[in-house]
file structure_22.cif (mmCIF, C-alpha atoms)
data_final
loop_
_atom_site.group_PDB
_atom_site.id
_atom_site.type_symbol
_atom_site.label_atom_id
_atom_site.label_comp_id
_atom_site.auth_asym_id
_atom_site.auth_seq_id
_atom_site.Cartn_x
_atom_site.Cartn_y
_atom_site.Cartn_z
ATOM 1 C CA MET A 1076 35.518 -17.332 -16.972
ATOM 2 C CA GLN A 1077 32.888 -14.969 -18.371
ATOM 3 C CA SER A 1078 34.496 -11.660 -19.312
ATOM 4 C CA VAL A 1079 33.252 -8.352 -17.947
ATOM 5 C CA GLU A 1080 32.540 -7.119 -21.464
ATOM 6 C CA ALA A 1081 30.536 -10.216 -22.384
ATOM 7 C CA LEU A 1082 28.546 -10.074 -19.158
ATOM 8 C CA GLN A 1083 27.691 -6.398 -19.618
ATOM 9 C CA GLN A 1084 26.516 -7.070 -23.151
ATOM 10 C CA THR A 1085 24.540 -10.193 -22.263
ATOM 11 C CA PHE A 1086 22.923 -8.800 -19.122
ATOM 12 C CA SER A 1087 22.077 -5.237 -19.983
ATOM 13 C CA VAL A 1088 19.876 -4.543 -16.964
ATOM 14 C CA GLU A 1089 19.387 -1.095 -15.478
ATOM 15 C CA GLY A 1090 21.297 -0.692 -12.224
ATOM 16 C CA VAL A 1091 23.609 -3.671 -12.837
ATOM 17 C CA ARG A 1092 27.296 -3.086 -13.553
ATOM 18 C CA PHE A 1093 30.188 -5.503 -14.020
ATOM 19 C CA TYR A 1094 33.829 -4.806 -13.291
ATOM 20 C CA ARG A 1095 37.006 -6.618 -12.319
ATOM 21 C CA GLN A 1096 38.767 -6.400 -8.972
ATOM 22 C CA ASP A 1097 42.159 -8.086 -9.179
ATOM 23 C CA GLY A 1098 41.338 -11.601 -10.389
ATOM 24 C CA LEU A 1099 37.607 -11.556 -9.687
ATOM 25 C CA VAL A 1100 34.531 -10.478 -11.639
ATOM 26 C CA MET A 1101 32.323 -8.234 -9.509
ATOM 27 C CA VAL A 1102 28.613 -7.562 -10.003
ATOM 28 C CA GLU A 1103 27.264 -4.294 -8.620
ATOM 29 C CA VAL A 1104 23.492 -4.013 -8.196
ATOM 30 C CA ARG A 1105 21.589 -0.817 -7.496
ATOM 31 C CA ASN A 1106 17.808 -0.502 -7.406
ATOM 32 C CA ALA A 1107 15.255 1.678 -5.635
ATOM 33 C CA THR A 1108 15.510 -0.197 -2.324
ATOM 34 C CA ALA A 1109 19.076 -1.480 -1.944
ATOM 35 C CA ASN A 1110 22.657 -1.597 -3.141
ATOM 36 C CA ALA A 1111 24.521 -4.903 -3.328
ATOM 37 C CA LEU A 1112 27.802 -6.373 -4.505
ATOM 38 C CA LEU A 1113 28.486 -9.946 -5.604
ATOM 39 C CA THR A 1114 31.326 -11.870 -7.180
ATOM 40 C CA THR A 1115 31.056 -14.852 -9.499
ATOM 41 C CA HIS A 1116 33.946 -16.396 -7.551
ATOM 42 C CA GLY A 1117 32.076 -18.643 -5.129
ATOM 43 C CA ALA A 1118 28.792 -16.892 -6.004
ATOM 44 C CA SER A 1119 29.368 -14.804 -2.878
ATOM 45 C CA VAL A 1120 27.249 -11.802 -1.914
ATOM 46 C CA LEU A 1121 29.767 -9.349 -0.452
ATOM 47 C CA SER A 1122 27.616 -6.347 0.395
ATOM 48 C CA PHE A 1123 23.960 -5.510 0.987
ATOM 49 C CA THR A 1124 22.856 -2.034 2.041
ATOM 50 C CA PRO A 1125 19.115 -1.237 2.264
ATOM 51 C CA LEU A 1126 18.048 2.271 1.350
ATOM 52 C CA SER A 1127 14.653 2.451 3.070
ATOM 53 C CA GLU A 1128 14.110 5.110 5.743
ATOM 54 C CA ALA A 1129 12.773 2.302 7.940
ATOM 55 C CA THR A 1130 16.196 0.620 7.996
ATOM 56 C CA SER A 1131 19.591 1.559 9.383
ATOM 57 C CA GLN A 1132 20.941 2.110 5.836
ATOM 58 C CA GLN A 1133 24.183 0.407 6.889
ATOM 59 C CA ASP A 1134 25.777 -2.571 5.195
ATOM 60 C CA TRP A 1135 24.524 -5.787 6.775
ATOM 61 C CA LEU A 1136 27.543 -7.781 5.653
ATOM 62 C CA TRP A 1137 31.187 -7.747 6.715
ATOM 63 C CA VAL A 1138 34.200 -8.329 4.471
ATOM 64 C CA SER A 1139 37.726 -8.417 5.817
ATOM 65 C CA GLU A 1140 40.008 -5.501 4.979
ATOM 66 C CA SER A 1141 42.649 -8.164 4.290
ATOM 67 C CA ALA A 1142 40.437 -10.272 2.008
ATOM 68 C CA VAL A 1143 42.152 -11.786 -1.045
ATOM 69 C CA TYR A 1144 40.663 -11.102 -4.498
ATOM 70 C CA SER A 1145 43.161 -13.080 -6.564
ATOM 71 C CA GLY A 1146 40.886 -16.080 -7.056
ATOM 72 C CA GLU A 1147 43.313 -18.333 -5.183
ATOM 73 C CA LYS A 1148 41.013 -18.576 -2.168
ATOM 74 C CA PRO A 1149 37.473 -17.504 -1.193
ATOM 75 C CA VAL A 1150 36.921 -13.858 -0.296
ATOM 76 C CA ARG A 1151 36.879 -13.643 3.499
ATOM 77 C CA GLY A 1152 33.425 -12.329 4.368
ATOM 78 C CA GLY A 1153 30.041 -11.809 2.751
ATOM 79 C CA ILE A 1154 27.989 -14.980 2.243
ATOM 80 C CA PRO A 1155 30.138 -17.912 1.090
ATOM 81 C CA VAL A 1156 28.335 -21.083 -0.051
ATOM 82 C CA CYS A 1157 29.437 -24.155 1.937
ATOM 83 C CA TRP A 1158 28.634 -27.293 -0.099
ATOM 84 C CA PRO A 1159 28.560 -30.349 -0.404
ATOM 85 C CA TRP A 1160 30.008 -30.569 3.086
ATOM 86 C CA PHE A 1161 30.157 -28.174 6.001
ATOM 87 C CA GLY A 1162 33.240 -28.053 8.192
ATOM 88 C CA GLN A 1163 36.127 -30.419 7.702
ATOM 89 C CA ALA A 1164 35.960 -33.022 4.930
ATOM 90 C CA ASP A 1165 35.894 -36.737 5.690
ATOM 91 C CA LYS A 1166 39.117 -37.229 3.708
ATOM 92 C CA PRO A 1167 42.389 -35.431 4.518
ATOM 93 C CA GLY A 1168 43.635 -32.852 2.058
ATOM 94 C CA LEU A 1169 40.211 -31.655 0.937
ATOM 95 C CA PRO A 1170 39.127 -28.057 1.587
ATOM 96 C CA ALA A 1171 36.973 -27.178 4.576
ATOM 97 C CA HIS A 1172 33.371 -26.220 3.803
ATOM 98 C CA GLY A 1173 33.367 -27.920 0.411
ATOM 99 C CA PHE A 1174 34.750 -26.812 -2.925
ATOM 100 C CA VAL A 1175 32.174 -24.550 -4.599
ATOM 101 C CA ARG A 1176 33.059 -21.462 -2.542
ATOM 102 C CA ASN A 1177 36.414 -21.387 -4.339
ATOM 103 C CA GLN A 1178 35.103 -21.961 -7.876
ATOM 104 C CA VAL A 1179 33.957 -19.489 -10.490
ATOM 105 C CA TRP A 1180 30.218 -19.848 -11.015
ATOM 106 C CA GLU A 1181 28.362 -19.160 -14.256
ATOM 107 C CA LEU A 1182 26.022 -16.175 -14.212
ATOM 108 C CA ALA A 1183 22.890 -17.631 -15.787
ATOM 109 C CA SER A 1184 20.439 -14.740 -15.591
ATOM 110 C CA VAL A 1185 19.955 -11.204 -14.316
ATOM 111 C CA SER A 1186 16.526 -9.610 -14.242
ATOM 112 C CA ALA A 1187 14.877 -6.482 -12.908
ATOM 113 C CA VAL A 1188 11.775 -8.067 -11.389
ATOM 114 C CA SER A 1189 10.548 -4.556 -10.547
ATOM 115 C CA PRO A 1190 12.101 -1.144 -9.839
ATOM 116 C CA THR A 1191 12.558 -2.346 -6.245
ATOM 117 C CA GLN A 1192 13.806 -5.886 -6.842
ATOM 118 C CA THR A 1193 16.661 -7.453 -8.819
ATOM 119 C CA GLU A 1194 17.204 -11.203 -9.219
ATOM 120 C CA LEU A 1195 20.406 -13.010 -10.191
ATOM 121 C CA VAL A 1196 20.869 -16.721 -10.823
ATOM 122 C CA LEU A 1197 24.313 -18.350 -10.673
ATOM 123 C CA THR A 1198 25.123 -21.992 -11.392
ATOM 124 C CA SER A 1199 27.905 -24.468 -10.785
ATOM 125 C CA ALA A 1200 28.117 -28.019 -12.157
ATOM 126 C CA SER A 1201 30.179 -31.140 -11.719
ATOM 127 C CA SER A 1202 33.359 -31.499 -13.784
ATOM 128 C CA PRO A 1203 36.264 -33.938 -13.973
ATOM 129 C CA ASP A 1204 37.966 -31.945 -11.209
ATOM 130 C CA THR A 1205 34.975 -32.124 -8.832
ATOM 131 C CA LEU A 1206 34.276 -35.774 -9.628
ATOM 132 C CA ALA A 1207 37.838 -36.608 -8.639
ATOM 133 C CA ILE A 1208 37.212 -35.427 -5.063
ATOM 134 C CA TRP A 1209 33.425 -35.928 -4.758
ATOM 135 C CA PRO A 1210 32.194 -38.630 -7.182
ATOM 136 C CA HIS A 1211 28.666 -37.379 -7.812
ATOM 137 C CA ALA A 1212 27.224 -35.561 -10.825
ATOM 138 C CA PHE A 1213 25.377 -32.413 -9.829
ATOM 139 C CA GLU A 1214 24.193 -28.970 -10.777
ATOM 140 C CA LEU A 1215 23.966 -26.275 -8.136
ATOM 141 C CA GLN A 1216 21.895 -23.119 -8.515
ATOM 142 C CA LEU A 1217 21.956 -20.033 -6.313
ATOM 143 C CA THR A 1218 19.179 -17.465 -6.737
ATOM 144 C CA VAL A 1219 19.848 -14.081 -5.116
ATOM 145 C CA THR A 1220 16.974 -11.619 -4.774
ATOM 146 C CA ILE A 1221 17.901 -8.052 -3.830
ATOM 147 C CA GLY A 1222 15.181 -5.733 -2.587
ATOM 148 C CA GLU A 1223 13.951 -4.476 0.776
ATOM 149 C CA SER A 1224 15.125 -7.856 2.023
ATOM 150 C CA LEU A 1225 17.939 -10.123 0.864
ATOM 151 C CA ALA A 1226 16.933 -13.657 -0.124
ATOM 152 C CA LEU A 1227 19.121 -16.553 -1.230
ATOM 153 C CA SER A 1228 17.892 -19.947 -2.449
ATOM 154 C CA LEU A 1229 20.348 -22.806 -2.975
ATOM 155 C CA THR A 1230 19.134 -25.718 -5.113
ATOM 156 C CA THR A 1231 21.003 -29.018 -5.392
ATOM 157 C CA HIS A 1232 20.201 -31.100 -8.480
ATOM 158 C CA ASN A 1233 21.400 -34.687 -8.076
ATOM 159 C CA LEU A 1234 22.198 -35.772 -11.621
ATOM 160 C CA SER A 1235 23.462 -39.219 -10.607
ATOM 161 C CA ASP A 1236 21.577 -42.499 -10.352
ATOM 162 C CA GLN A 1237 22.403 -42.845 -6.645
ATOM 163 C CA PRO A 1238 21.221 -40.874 -3.604
ATOM 164 C CA VAL A 1239 23.740 -38.349 -2.273
ATOM 165 C CA ASP A 1240 24.190 -37.038 1.245
ATOM 166 C CA ILE A 1241 25.103 -33.385 1.656
ATOM 167 C CA THR A 1242 25.625 -30.841 4.379
ATOM 168 C CA GLU A 1243 25.328 -27.191 3.412
ATOM 169 C CA ALA A 1244 25.274 -23.660 4.761
ATOM 170 C CA LEU A 1245 25.147 -20.019 3.772
ATOM 171 C CA HIS A 1246 28.068 -18.827 5.899
ATOM 172 C CA THR A 1247 26.895 -15.247 6.468
ATOM 173 C CA TYR A 1248 29.357 -12.750 7.951
ATOM 174 C CA PHE A 1249 27.306 -9.965 9.531
ATOM 175 C CA SER A 1250 28.699 -6.531 10.271
ATOM 176 C CA VAL A 1251 28.100 -5.715 13.948
ATOM 177 C CA SER A 1252 28.907 -2.782 16.205
ATOM 178 C CA ASN A 1253 30.650 -4.863 18.883
ATOM 179 C CA ALA A 1254 30.407 -8.655 19.021
ATOM 180 C CA PRO A 1255 30.453 -8.995 22.850
ATOM 181 C CA GLU A 1256 27.338 -6.804 23.043
ATOM 182 C CA ILE A 1257 25.313 -8.846 20.539
ATOM 183 C CA VAL A 1258 22.442 -11.117 21.531
ATOM 184 C CA VAL A 1259 21.230 -13.837 19.138
ATOM 185 C CA ASP A 1260 17.617 -14.770 19.824
ATOM 186 C CA GLY A 1261 15.478 -17.624 18.484
ATOM 187 C CA LEU A 1262 17.885 -20.499 19.108
ATOM 188 C CA GLN A 1263 16.003 -21.614 22.209
ATOM 189 C CA GLY A 1264 14.851 -25.232 22.170
ATOM 190 C CA SER A 1265 17.561 -26.423 19.759
ATOM 191 C CA GLU A 1266 20.448 -28.732 20.623
ATOM 192 C CA CYS A 1267 23.832 -27.003 20.772
ATOM 193 C CA PHE A 1268 27.178 -28.564 19.903
ATOM 194 C CA ASP A 1269 30.240 -26.567 20.959
ATOM 195 C CA LYS A 1270 32.867 -27.072 18.217
ATOM 196 C CA LEU A 1271 35.604 -25.439 20.303
ATOM 197 C CA THR A 1272 35.384 -27.555 23.446
ATOM 198 C CA TYR A 1273 33.541 -30.607 22.098
ATOM 199 C CA ALA A 1274 31.802 -30.776 25.449
ATOM 200 C CA GLU A 1275 28.578 -32.723 25.795
ATOM 201 C CA SER A 1276 25.727 -31.162 23.820
ATOM 202 C CA TYR A 1277 22.982 -29.245 25.600
ATOM 203 C CA PHE A 1278 19.690 -27.574 24.782
ATOM 204 C CA GLN A 1279 19.704 -23.815 24.422
ATOM 205 C CA THR A 1280 17.216 -22.313 26.895
ATOM 206 C CA ALA A 1281 17.767 -18.545 26.576
ATOM 207 C CA PRO A 1282 18.857 -15.934 24.035
ATOM 208 C CA LEU A 1283 22.550 -16.369 23.205
ATOM 209 C CA LYS A 1284 24.876 -13.693 24.573
ATOM 210 C CA ILE A 1285 27.946 -13.641 22.342
ATOM 211 C CA GLN A 1286 31.179 -14.374 24.225
ATOM 212 C CA PRO A 1287 34.019 -14.722 21.674
ATOM 213 C CA SER A 1288 35.572 -17.102 20.888
ATOM 214 C CA ILE A 1289 32.474 -19.056 19.867
ATOM 215 C CA ASP A 1290 31.812 -21.825 17.347
ATOM 216 C CA SER A 1291 28.436 -23.380 18.125
ATOM 217 C CA VAL A 1292 26.140 -25.492 15.959
ATOM 218 C CA PHE A 1293 22.417 -25.576 16.711
ATOM 219 C CA ILE A 1294 20.539 -28.490 15.184
ATOM 220 C CA ASP A 1295 16.797 -29.017 14.720
ATOM 221 C CA GLN A 1296 16.503 -25.217 14.816
ATOM 222 C CA THR A 1297 13.546 -23.979 12.784
ATOM 223 C CA GLU A 1298 12.444 -20.688 14.346
ATOM 224 C CA PRO A 1299 13.511 -17.296 12.958
ATOM 225 C CA VAL A 1300 16.811 -16.071 14.403
ATOM 226 C CA MET A 1301 17.282 -12.437 15.425
ATOM 227 C CA ILE A 1302 20.635 -10.647 15.728
ATOM 228 C CA ARG A 1303 20.058 -7.858 18.253
ATOM 229 C CA ASP A 1304 22.670 -5.114 17.912
ATOM 230 C CA PRO A 1305 22.286 -2.223 20.411
ATOM 231 C CA GLY A 1306 25.244 -0.286 18.996
ATOM 232 C CA TYR A 1307 23.714 -0.152 15.511
ATOM 233 C CA ASN A 1308 20.207 0.051 16.968
ATOM 234 C CA ARG A 1309 19.006 -2.694 14.654
ATOM 235 C CA CYS A 1310 17.713 -6.230 14.620
ATOM 236 C CA ILE A 1311 18.361 -8.473 11.612
ATOM 237 C CA ARG A 1312 15.920 -11.361 11.269
ATOM 238 C CA ILE A 1313 17.010 -14.602 9.604
ATOM 239 C CA GLU A 1314 14.271 -16.848 8.285
ATOM 240 C CA LYS A 1315 14.917 -20.138 6.524
ATOM 241 C CA GLU A 1316 12.987 -22.804 4.661
ATOM 242 C CA SER A 1317 14.015 -26.473 4.320
ATOM 243 C CA ALA A 1318 16.956 -25.723 6.608
ATOM 244 C CA VAL A 1319 17.048 -26.816 10.241
ATOM 245 C CA SER A 1320 20.538 -25.860 11.451
ATOM 246 C CA SER A 1321 22.112 -22.596 12.581
ATOM 247 C CA VAL A 1322 25.772 -21.897 13.299
ATOM 248 C CA VAL A 1323 27.199 -18.997 15.331
ATOM 249 C CA TRP A 1324 30.916 -18.208 14.943
ATOM 250 C CA ASN A 1325 33.330 -15.519 16.021
ATOM 251 C CA PRO A 1326 37.070 -16.279 16.313
ATOM 252 C CA GLY A 1327 37.729 -13.900 19.182
ATOM 253 C CA PRO A 1328 41.089 -12.227 19.879
ATOM 254 C CA GLU A 1329 43.235 -15.389 19.868
ATOM 255 C CA ILE A 1330 41.867 -17.671 17.132
ATOM 256 C CA ILE A 1331 41.721 -14.778 14.654
ATOM 257 C CA LYS A 1332 45.531 -14.641 14.728
ATOM 258 C CA GLY A 1333 45.569 -17.846 12.704
ATOM 259 C CA PHE A 1334 43.824 -16.232 9.728
ATOM 260 C CA ALA A 1335 46.117 -14.417 7.303
ATOM 261 C CA ASP A 1336 43.154 -12.741 5.596
ATOM 262 C CA MET A 1337 41.703 -11.240 8.811
ATOM 263 C CA ASN A 1338 43.223 -8.409 10.809
ATOM 264 C CA ASP A 1339 43.882 -9.343 14.433
ATOM 265 C CA GLN A 1340 41.643 -6.518 15.645
ATOM 266 C CA ALA A 1341 38.704 -7.271 13.320
ATOM 267 C CA TRP A 1342 36.836 -9.811 15.440
ATOM 268 C CA PRO A 1343 34.596 -7.336 17.376
ATOM 269 C CA LYS A 1344 33.146 -6.008 14.092
ATOM 270 C CA MET A 1345 31.889 -9.306 12.677
ATOM 271 C CA LEU A 1346 29.664 -12.209 13.635
ATOM 272 C CA CYS A 1347 28.789 -15.246 11.538
ATOM 273 C CA VAL A 1348 25.242 -16.526 11.943
ATOM 274 C CA GLU A 1349 24.773 -19.250 9.357
ATOM 275 C CA ALA A 1350 21.719 -21.074 8.037
ATOM 276 C CA GLY A 1351 21.805 -24.564 6.585
ATOM 277 C CA ASN A 1352 21.707 -28.292 7.222
ATOM 278 C CA VAL A 1353 24.747 -29.646 9.081
ATOM 279 C CA LEU A 1354 25.822 -32.479 11.388
ATOM 280 C CA GLN A 1355 22.782 -34.683 12.146
ATOM 281 C CA ASN A 1356 20.667 -32.483 9.855
ATOM 282 C CA ALA A 1357 22.445 -33.729 6.718
ATOM 283 C CA VAL A 1358 20.166 -34.011 3.675
ATOM 284 C CA THR A 1359 19.787 -37.038 1.406
ATOM 285 C CA VAL A 1360 18.931 -36.055 -2.166
ATOM 286 C CA PRO A 1361 17.399 -38.959 -4.164
ATOM 287 C CA PRO A 1362 18.721 -39.776 -7.648
ATOM 288 C CA SER A 1363 17.565 -37.353 -10.365
ATOM 289 C CA ALA A 1364 15.896 -35.213 -7.678
ATOM 290 C CA GLU A 1365 16.537 -31.791 -6.222
ATOM 291 C CA HIS A 1366 16.600 -30.082 -2.838
ATOM 292 C CA THR A 1367 16.260 -26.344 -2.179
ATOM 293 C CA PHE A 1368 16.834 -24.376 0.975
ATOM 294 C CA ARG A 1369 16.164 -20.678 1.326
ATOM 295 C CA MET A 1370 17.361 -17.906 3.627
ATOM 296 C CA VAL A 1371 15.697 -14.496 3.899
ATOM 297 C CA LEU A 1372 17.230 -11.555 5.769
ATOM 298 C CA THR A 1373 15.113 -8.600 6.885
ATOM 299 C CA GLU A 1374 15.647 -5.724 9.279
ATOM 300 C CA GLN A 1375 13.382 -4.907 12.200
ATOM 301 C CA SER A 1376 13.333 -2.047 14.637
ATOM 302 C CA TYR A 1377 15.589 -2.858 17.559
ATOM 303 C CA VAL A 1378 13.464 -0.944 20.081
ATOM 304 C CA ALA A 1379 10.155 -2.318 18.780
ATOM 305 C CA GLU A 1380 11.521 -5.868 18.814
ATOM 306 C CA LEU A 1381 12.601 -5.575 22.447
ATOM 307 C CA SER A 1382 9.211 -4.241 23.506
ATOM 308 C CA ASP A 1383 7.202 -7.054 21.892
#
call {"tool": "encode", "arguments": {"input": "structure_22.cif", "output": "structure tokens"}}
result
Amino acid sequence: MQSVEALQQTFSVEGVRFYRQDGLVMVEVRNATANALLTTHGASVLSFTPLSEATSQQDWLWVSESAVYSGEKPVRGGIPVCWPWFGQADKPGLPAHGFVRNQVWELASVSAVSPTQTELVLTSASSPDTLAIWPHAFELQLTVTIGESLALSLTTHNLSDQPVDITEALHTYFSVSNAPEIVVDGLQGSECFDKLTYAESYFQTAPLKIQPSIDSVFIDQTEPVMIRDPGYNRCIRIEKESAVSSVVWNPGPEIIKGFADMNDQAWPKMLCVEAGNVLQNAVTVPPSAEHTFRMVLTEQSYVAELSD
């Protein structure tokens, strides 16, 4: 693990500070347009607060008050990286949502692109431990760009001489005013799979009114997705490139009781809307090739968006 002292010396960038919280290394970023917080454990973005007068100036991301920072498990909240599989593994005993969200990533670079934009690059690579559970050589790179918007690009480098199949997602936990009042727009026309009932799939025909509990996967979904939040008077827009799946999840008042790192009453304040490639949208990466998908979050006026 890179030490806080070594990181501060290596990446002496204005507005970037390193510190330790329990067992994790934290990276605090402040520039002219936003404040953000990341951890090298899982390469997770844990906080993003825009500072522009045109935005709500509230944190877009939610982290559980009961989140664990020991390094024994992923931090509950923020933007975990799900890779090289999404959901349950094919083999029993392997962690859900892959293994990189519970590994310490290497911080490769930190740069002040401009006074209004900071870029961080984190990497993770195959090792004897990963090869024992997923027998493919790889290097994974996450580029996080913090400015008026928040952008994340995840690049898979297949270092093996065989093609590999992956599913992947940026499992974003959004902070919301009240989940049952949220509408998620832009999913229309995509095929929906309900992971709670496993009922027959259907095509989404209207904006999605959140009714917790919900765990729905939308495949072949390419349009921007909007999270309309009347309580916070804001609309967060999710755009993605080379990603054709979206996932919407909220545990609701009963399922949340099964999570030790989430308070039973926390479910109305969070909503996961995830971008990636899952289920039938799995990606095949050829040998010695790479695949990148990108997610960009921006804020729009809630009132203006409704009047369009």
call {"tool": "residues_around", "arguments": {"input": "structure_22.cif", "residues": "A:Ser1252", "least_positions_apart": "4", "cutoff": "12 Å", "atoms": "only C-alpha atoms", "output": "PDB file with C-alpha atoms, in the frame of the given file"}}
result
ATOM      1  CA  GLN A1133      24.183   0.407   6.889  1.00  0.00           C
ATOM      2  CA  ASP A1134      25.777  -2.571   5.195  1.00  0.00           C
ATOM      3  CA  TRP A1135      24.524  -5.787   6.775  1.00  0.00           C
ATOM      4  CA  LEU A1136      27.543  -7.781   5.653  1.00  0.00           C
ATOM      5  CA  TRP A1137      31.187  -7.747   6.715  1.00  0.00           C
ATOM      6  CA  GLU A1256      27.338  -6.804  23.043  1.00  0.00           C
ATOM      7  CA  ILE A1257      25.313  -8.846  20.539  1.00  0.00           C
ATOM      8  CA  VAL A1258      22.442 -11.117  21.531  1.00  0.00           C
ATOM      9  CA  ILE A1302      20.635 -10.647  15.728  1.00  0.00           C
ATOM     10  CA  ARG A1303      20.058  -7.858  18.253  1.00  0.00           C
ATOM     11  CA  ASP A1304      22.670  -5.114  17.912  1.00  0.00           C
ATOM     12  CA  PRO A1305      22.286  -2.223  20.411  1.00  0.00           C
ATOM     13  CA  GLY A1306      25.244  -0.286  18.996  1.00  0.00           C
ATOM     14  CA  TYR A1307      23.714  -0.152  15.511  1.00  0.00           C
ATOM     15  CA  ASN A1308      20.207   0.051  16.968  1.00  0.00           C
ATOM     16  CA  ARG A1309      19.006  -2.694  14.654  1.00  0.00           C
ATOM     17  CA  CYS A1310      17.713  -6.230  14.620  1.00  0.00           C
ATOM     18  CA  ALA A1341      38.704  -7.271  13.320  1.00  0.00           C
ATOM     19  CA  TRP A1342      36.836  -9.811  15.440  1.00  0.00           C
ATOM     20  CA  PRO A1343      34.596  -7.336  17.376  1.00  0.00           C
ATOM     21  CA  LYS A1344      33.146  -6.008  14.092  1.00  0.00           C
ATOM     22  CA  MET A1345      31.889  -9.306  12.677  1.00  0.00           C
ATOM     23  CA  LEU A1346      29.664 -12.209  13.635  1.00  0.00           C
TER      24      LEU A1346
END
call {"tool": "residues_around", "arguments": {"input": "structure_22.cif", "residues": "A:Asp1236", "least_positions_apart": "6", "cutoff": "9 Å", "atoms": "all atoms listed in the file", "output": "JSON, numbers by chain"}}
result
{"A": [1212, 1361, 1362, 1363]}
call {"tool": "write_last_selection", "arguments": {"input": "structure_22.cif", "atoms": "C-alpha atoms", "output": "short mmCIF file (atom, residue, chain, number, x, y, z; two decimals), in the frame of the given file"}}
result
data_model
loop_
_atom_site.label_atom_id
_atom_site.label_comp_id
_atom_site.auth_asym_id
_atom_site.auth_seq_id
_atom_site.Cartn_x
_atom_site.Cartn_y
_atom_site.Cartn_z
CA ALA A 1212 27.22 -35.56 -10.82
CA PRO A 1361 17.40 -38.96 -4.16
CA PRO A 1362 18.72 -39.78 -7.65
CA SER A 1363 17.57 -37.35 -10.36
#
call {"tool": "atom_distance", "arguments": {"input": "structure_22.cif", "atom1": "atom CA of A:Thr1373", "atom2": "atom CA of A:Ser1265"}}
result
22.1 Å
call {"tool": "resolve_selection", "arguments": {"input": "structure_22.cif", "expression": "the PyMOL selection byres ((chain A and resi 1213) around 12)", "output": "short mmCIF file (atom, residue, chain, number, x, y, z; two decimals) with C-alpha atoms, keeping the file's coordinate frame"}}
result
data_model
loop_
_atom_site.label_atom_id
_atom_site.label_comp_id
_atom_site.auth_asym_id
_atom_site.auth_seq_id
_atom_site.Cartn_x
_atom_site.Cartn_y
_atom_site.Cartn_z
CA TRP A 1158 28.63 -27.29 -0.10
CA PRO A 1159 28.56 -30.35 -0.40
CA VAL A 1175 32.17 -24.55 -4.60
CA THR A 1198 25.12 -21.99 -11.39
CA SER A 1199 27.90 -24.47 -10.78
CA ALA A 1200 28.12 -28.02 -12.16
CA SER A 1201 30.18 -31.14 -11.72
CA SER A 1202 33.36 -31.50 -13.78
CA PRO A 1203 36.26 -33.94 -13.97
CA THR A 1205 34.98 -32.12 -8.83
CA LEU A 1206 34.28 -35.77 -9.63
CA TRP A 1209 33.42 -35.93 -4.76
CA PRO A 1210 32.19 -38.63 -7.18
CA HIS A 1211 28.67 -37.38 -7.81
CA ALA A 1212 27.22 -35.56 -10.82
CA GLU A 1214 24.19 -28.97 -10.78
CA LEU A 1215 23.97 -26.28 -8.14
CA GLN A 1216 21.90 -23.12 -8.52
CA THR A 1230 19.13 -25.72 -5.11
CA THR A 1231 21.00 -29.02 -5.39
CA HIS A 1232 20.20 -31.10 -8.48
CA ASN A 1233 21.40 -34.69 -8.08
CA LEU A 1234 22.20 -35.77 -11.62
CA SER A 1235 23.46 -39.22 -10.61
CA ASP A 1236 21.58 -42.50 -10.35
CA GLN A 1237 22.40 -42.84 -6.64
CA PRO A 1238 21.22 -40.87 -3.60
CA VAL A 1239 23.74 -38.35 -2.27
CA ILE A 1241 25.10 -33.38 1.66
CA VAL A 1360 18.93 -36.06 -2.17
CA PRO A 1361 17.40 -38.96 -4.16
CA PRO A 1362 18.72 -39.78 -7.65
CA SER A 1363 17.57 -37.35 -10.36
CA ALA A 1364 15.90 -35.21 -7.68
CA GLU A 1365 16.54 -31.79 -6.22
CA HIS A 1366 16.60 -30.08 -2.84
#
call {"tool": "atom_distance", "arguments": {"input": "structure_22.cif", "atom1": "atom CA of A:Arg1369", "atom2": "atom CA of A:Leu1227"}}
result
5.7 Å
call {"tool": "atom_distance", "arguments": {"input": "structure_22.cif", "atom1": "atom CA of A:Thr1220", "atom2": "atom CA of A:Trp1180"}}
result
16.8 Å
call {"tool": "resolve_selection", "arguments": {"input": "structure_22.cif", "expression": "the PyMOL selection byres ((chain A and resi 1078-1087) around 12)", "output": "PyMOL selection string"}}
result
chain A and resi 1076-1077+1088-1096+1098-1104+1114-1115+1179+1181-1187+1194-1196
call {"tool": "residues_around", "arguments": {"input": "structure_22.cif", "residues": "A:Asn1106", "least_positions_apart": "3", "cutoff": "7 Å", "atoms": "all atoms listed in the file", "output": "number ranges by chain"}}
result
A: 1090, 1109-1110, 1190-1192
call {"tool": "write_last_selection", "arguments": {"input": "structure_22.cif", "atoms": "C-alpha atoms", "output": "mmCIF file, keeping the file's coordinate frame"}}
result
data_model
loop_
_atom_site.group_PDB
_atom_site.id
_atom_site.type_symbol
_atom_site.label_atom_id
_atom_site.label_comp_id
_atom_site.auth_asym_id
_atom_site.auth_seq_id
_atom_site.Cartn_x
_atom_site.Cartn_y
_atom_site.Cartn_z
ATOM 1 C CA GLY A 1090 21.297 -0.692 -12.224
ATOM 2 C CA ALA A 1109 19.076 -1.480 -1.944
ATOM 3 C CA ASN A 1110 22.657 -1.597 -3.141
ATOM 4 C CA PRO A 1190 12.101 -1.144 -9.839
ATOM 5 C CA THR A 1191 12.558 -2.346 -6.245
ATOM 6 C CA GLN A 1192 13.806 -5.886 -6.842
#
